[in-house]
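Asker: Sending over query-v9.cif (mmCIF, C-alpha atoms).
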data_entry
loop_
_atom_site.group_PDB
_atom_site.id
_atom_site.type_symbol
_atom_site.label_atom_id
_atom_site.label_comp_id
_atom_site.auth_asym_id
_atom_site.auth_seq_id
_atom_site.Cartn_x
_atom_site.Cartn_y
_atom_site.Cartn_z
ATOM 1 C CA MET A 13 -1.087 4.031 -7.498
ATOM 2 C CA THR A 14 -1.138 7.064 -9.745
ATOM 3 C CA ASP A 15 0.130 7.044 -13.247
ATOM 4 C CA PRO A 16 3.357 9.135 -13.520
ATOM 5 C CA LYS A 17 2.204 10.464 -16.910
ATOM 6 C CA GLU A 18 -1.042 11.784 -15.383
ATOM 7 C CA SER A 19 0.831 13.365 -12.484
ATOM 8 C CA MET A 20 3.273 15.016 -14.848
ATOM 9 C CA THR A 21 0.389 16.221 -17.050
ATOM 10 C CA ASP A 22 -1.381 17.679 -14.010
ATOM 11 C CA VAL A 23 1.776 19.492 -12.926
ATOM 12 C CA ILE A 24 2.312 20.889 -16.438
ATOM 13 C CA GLU A 25 -1.349 21.978 -16.678
ATOM 14 C CA GLU A 26 -1.078 23.707 -13.299
ATOM 15 C CA LEU A 27 2.084 25.532 -14.410
ATOM 16 C CA ILE A 28 0.407 26.600 -17.649
ATOM 17 C CA GLN A 29 -2.614 27.921 -15.715
ATOM 18 C CA LYS A 30 -0.335 29.862 -13.332
ATOM 19 C CA GLU A 31 1.519 31.387 -16.274
ATOM 20 C CA ARG A 32 -1.772 32.393 -17.933
ATOM 21 C CA ARG A 33 -2.971 34.048 -14.691
ATOM 22 C CA ARG A 34 0.368 35.857 -14.343
ATOM 23 C CA LYS A 35 0.151 37.161 -17.918
ATOM 24 C CA GLN A 36 -3.471 38.235 -17.409
ATOM 25 C CA CYS A 37 -2.517 40.053 -14.223
ATOM 26 C CA TRP A 38 0.359 41.903 -15.916
ATOM 27 C CA GLY A 39 -1.912 42.709 -18.852
ATOM 28 C CA PHE A 40 -4.394 44.272 -16.445
ATOM 29 C CA VAL A 41 -1.629 46.242 -14.687
ATOM 30 C CA ARG A 42 -0.309 47.535 -18.021
ATOM 31 C CA LEU A 43 -3.832 48.529 -19.093
ATOM 32 C CA ALA A 44 -4.430 50.339 -15.783
ATOM 33 C CA ILE A 45 -1.132 52.251 -16.087
ATOM 34 C CA LEU A 46 -1.881 53.169 -19.696
ATOM 35 C CA THR A 47 -5.371 54.358 -18.730
ATOM 36 C CA ILE A 48 -3.957 56.530 -15.945
ATOM 37 C CA LEU A 49 -1.360 58.039 -18.295
ATOM 38 C CA ILE A 50 -3.983 58.806 -20.947
ATOM 39 C CA CYS A 51 -6.268 60.412 -18.345
ATOM 40 C CA TYR A 52 -3.359 62.499 -17.066
ATOM 41 C CA LEU A 53 -2.455 63.568 -20.584
ATOM 42 C CA LEU A 54 -6.041 64.480 -21.437
ATOM 43 C CA LEU A 55 -7.032 66.133 -18.152
ATOM 44 C CA ASP A 56 -3.801 67.775 -17.067
ATOM 45 C CA VAL A 57 -1.875 68.546 -20.246
ATOM 46 C CA LEU A 58 -4.390 69.009 -23.057
ATOM 47 C CA PHE A 59 -7.571 69.870 -21.169
ATOM 48 C CA GLY A 60 -8.699 71.046 -17.768
ATOM 49 C CA VAL A 61 -11.938 70.705 -15.829
ATOM 50 C CA ALA A 62 -13.370 73.339 -13.497
ATOM 51 C CA VAL A 63 -16.514 73.820 -11.458
ATOM 52 C CA VAL A 64 -18.165 77.243 -11.721
ATOM 53 C CA ARG A 65 -18.573 78.872 -8.299
ATOM 54 C CA GLY A 66 -20.908 81.847 -8.155
ATOM 55 C CA SER A 67 -23.323 83.611 -10.451
ATOM 56 C CA SER A 68 -20.990 85.953 -12.336
ATOM 57 C CA MET A 69 -21.484 84.071 -15.632
ATOM 58 C CA GLU A 70 -25.254 83.605 -15.362
ATOM 59 C CA PRO A 71 -27.532 83.094 -17.183
ATOM 60 C CA GLY A 72 -25.281 81.358 -19.736
ATOM 61 C CA ILE A 73 -23.194 79.357 -17.269
ATOM 62 C CA PRO A 74 -25.024 78.819 -13.975
ATOM 63 C CA ASP A 75 -23.427 78.237 -10.583
ATOM 64 C CA GLN A 76 -22.152 74.649 -10.098
ATOM 65 C CA SER A 77 -21.782 74.031 -13.847
ATOM 66 C CA ILE A 78 -18.776 72.025 -14.968
ATOM 67 C CA VAL A 79 -16.619 73.411 -17.760
ATOM 68 C CA VAL A 80 -13.942 71.726 -19.834
ATOM 69 C CA TYR A 81 -11.255 73.994 -21.194
ATOM 70 C CA SER A 82 -8.457 73.622 -23.714
ATOM 71 C CA ARG A 83 -4.976 74.380 -22.427
ATOM 72 C CA LEU A 84 -3.448 74.323 -25.912
ATOM 73 C CA ASP A 85 -5.486 76.938 -27.767
ATOM 74 C CA LYS A 86 -3.716 80.235 -27.067
ATOM 75 C CA ASN A 87 -5.338 82.249 -29.891
ATOM 76 C CA TYR A 88 -7.772 84.131 -27.699
ATOM 77 C CA LYS A 89 -10.247 86.583 -29.141
ATOM 78 C CA ALA A 90 -12.936 88.870 -27.776
ATOM 79 C CA GLN A 91 -16.033 87.005 -26.541
ATOM 80 C CA ASP A 92 -14.081 83.820 -25.696
ATOM 81 C CA ILE A 93 -14.883 82.425 -22.262
ATOM 82 C CA VAL A 94 -11.666 81.621 -20.427
ATOM 83 C CA ILE A 95 -10.343 80.268 -17.150
ATOM 84 C CA ALA A 96 -7.797 82.615 -15.579
ATOM 85 C CA LYS A 97 -5.684 82.671 -12.428
ATOM 86 C CA ILE A 98 -6.236 85.953 -10.558
ATOM 87 C CA ASP A 99 -4.597 86.547 -7.162
ATOM 88 C CA GLY A 100 -4.247 82.811 -6.618
ATOM 89 C CA LYS A 101 -7.897 82.101 -7.478
ATOM 90 C CA GLN A 102 -9.284 80.460 -10.579
ATOM 91 C CA VAL A 103 -12.015 82.507 -12.293
ATOM 92 C CA ILE A 104 -14.185 82.039 -15.366
ATOM 93 C CA LYS A 105 -14.852 85.202 -17.393
ATOM 94 C CA ARG A 106 -15.496 86.399 -20.932
ATOM 95 C CA ILE A 107 -12.803 88.328 -22.795
ATOM 96 C CA SER A 108 -14.229 91.780 -23.441
ATOM 97 C CA SER A 109 -11.208 93.236 -25.213
ATOM 98 C CA ILE A 110 -7.589 92.481 -26.026
ATOM 99 C CA GLU A 111 -4.830 95.070 -26.300
ATOM 100 C CA GLY A 112 -1.521 93.384 -27.062
ATOM 101 C CA ASP A 113 -0.845 90.932 -24.232
ATOM 102 C CA LYS A 114 -3.401 92.581 -21.924
ATOM 103 C CA LEU A 115 -6.934 91.234 -21.639
ATOM 104 C CA PHE A 116 -9.998 92.865 -20.127
ATOM 105 C CA LEU A 117 -12.330 90.257 -18.637
ATOM 106 C CA LEU A 118 -15.993 90.639 -17.731
ATOM 107 C CA GLY A 119 -18.554 88.351 -16.185
ATOM 108 C CA ASP A 120 -21.817 87.947 -18.087
ATOM 109 C CA ASN A 121 -23.774 88.966 -14.975
ATOM 110 C CA LEU A 122 -22.363 92.495 -14.722
ATOM 111 C CA GLU A 123 -24.286 93.308 -11.543
ATOM 112 C CA ASN A 124 -22.755 90.370 -9.693
ATOM 113 C CA SER A 125 -19.248 89.929 -11.072
ATOM 114 C CA ILE A 126 -15.778 90.674 -9.804
ATOM 115 C CA ASP A 127 -13.869 91.140 -13.030
ATOM 116 C CA SER A 128 -11.420 93.512 -14.746
ATOM 117 C CA ARG A 129 -13.491 96.449 -13.541
ATOM 118 C CA THR A 130 -12.217 95.455 -10.081
ATOM 119 C CA PHE A 131 -8.830 93.763 -10.622
ATOM 120 C CA GLY A 132 -7.806 95.479 -13.873
ATOM 121 C CA THR A 133 -6.470 93.957 -17.057
ATOM 122 C CA ILE A 134 -4.590 90.683 -16.903
ATOM 123 C CA ASP A 135 -1.623 89.298 -18.792
ATOM 124 C CA ARG A 136 -2.199 86.629 -21.429
ATOM 125 C CA GLU A 137 -0.008 84.254 -19.351
ATOM 126 C CA GLN A 138 -2.643 84.291 -16.583
ATOM 127 C CA ILE A 139 -5.105 82.510 -18.867
ATOM 128 C CA LYS A 140 -5.187 78.767 -18.166
ATOM 129 C CA GLY A 141 -7.395 77.937 -21.145
ATOM 130 C CA ARG A 142 -10.434 78.595 -23.308
ATOM 131 C CA VAL A 143 -13.751 76.949 -22.360
ATOM 132 C CA ILE A 144 -14.853 74.420 -24.973
ATOM 133 C CA PHE A 145 -17.683 72.517 -23.192
ATOM 134 C CA THR A 146 -20.121 73.393 -20.467
ATOM 135 C CA PHE A 147 -22.245 70.921 -18.495
ATOM 136 C CA HIS A 148 -25.252 72.348 -16.666
ATOM 137 C CA PHE A 149 -26.934 70.518 -13.810
ATOM 138 C CA LEU A 150 -30.369 71.375 -12.463
#
Here is the file; what I need is its structure written in the form of structure tokens.

Answerer:
Amino acid sequence: MTDPKESMTDVIEELIQKERRRKQCWGFVRLAILTILICYLLLDVLFGVAVVRGSSMEPGIPDQSIVVYSRLDKNYKAQDIVIAKIDGKQVIKRISSIEGDKLFLLGDNLENSIDSRTFGTIDREQIKGRVIFTFHFL
């Protein structure tokens, strides 16, 4: 015959273990949600990530490079490399000149670049951000 005290102790220990597992599970869920929110904030609100397609920015930024750009810095100046939205497409170009709210963009590879020489000046609002990091892959 089992001792009622031992049975009660086993039941209490089992309940304590279940409660610990439940708290650990909720802790993990909260951490996962917090991680997702921080990633969203960093990668969709403060910063953006883009893959360079084409050779218009070579040799400085080769095809298939990954760039990180700041969405917050709106103080653009000549020679900044920016990500812009042109005719529904995302492009990476260098600001050649600024006249008021109009920007003239050029690719570094002038012989192989569709830029403001083709599509004209753009409005400052078309700029998505200024490139702050570039990752090159061989």

Asker: So what does the PyMOL selection byres ((chain A and resi 112) around 12) actually pick up in this one, as a ChimeraX atom specification?

Answerer: /A:88-89,109-111,113-116,133-136

Asker: To one decimal place in Å, what is the distance between atom CA of A:Gly60 and atom CA of A:Lys101?

Answerer: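 Calculated distance between atom CA of A:Gly60 and atom CA of A:Lys101 is 15.1 Å.
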
Asker: Running the PyMOL selection byres ((chain A and resi 65) around 9) on this model by hand, what would come out? Give it as a ChimeraX atom specification.

Answerer: /A:63-64,66-68,74-77,103-104

Asker: Taking the file as shown, find all residues satisfying the PyMOL selection byres ((chain A and resi 59) around 7) and write them as number ranges by chain.

Answerer: A: 54-58, 60-61, 80-83

Asker: Using all atoms listed in the file - which residues lie no farther than 12 Å from the point (-15.2, 85.9, -27.6) in the file's frame? Write them as a VMD selection string.

Answerer: chain A and resid 87 to 94 105 to 110 115 to 118 120 142 to 144

Asker: From the options A:Leu84, A:Ile98, A:Ile50, A:Ile78, which residue's atoms come nearest to A:His148, counting all atoms listed in the file?

Answerer: A:Ile78

Asker: Rounded to one decimal, what separation in Å do you get between atom CA of A:Phe131 and atom CA of A:Lys97?

Answerer: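 Atom CA of A:Phe131 sits 11.7 Å away from atom CA of A:Lys97.
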
Asker: Kindly indicate which residue among A:Gly119, A:Met20, A:Leu53, A:Gln138 lies nearest to A:Asp99, using all atoms listed in the file for the distances.

Answerer: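 Checking each candidate against A:Asp99, we get A:Gln138 as the closest.
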
Asker: Axis-aligned box over every listed atom of stretch 90-93 of chain A, padded by 5 Å per side: centre and edges in Å to one decimal, as AutoDock Vina command-line options?

Answerer:
--center_x -14.5 --center_y 85.6 --center_z -25.0 --size_x 13.1 --size_y 16.4 --size_z 15.5

Asker: I'd like the interatomic distance between atom CA of A:Ser125 and atom CA of A:Ile95, to a tenth of an Å.

Answerer: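 Interatomic distance here is 14.5 Å.
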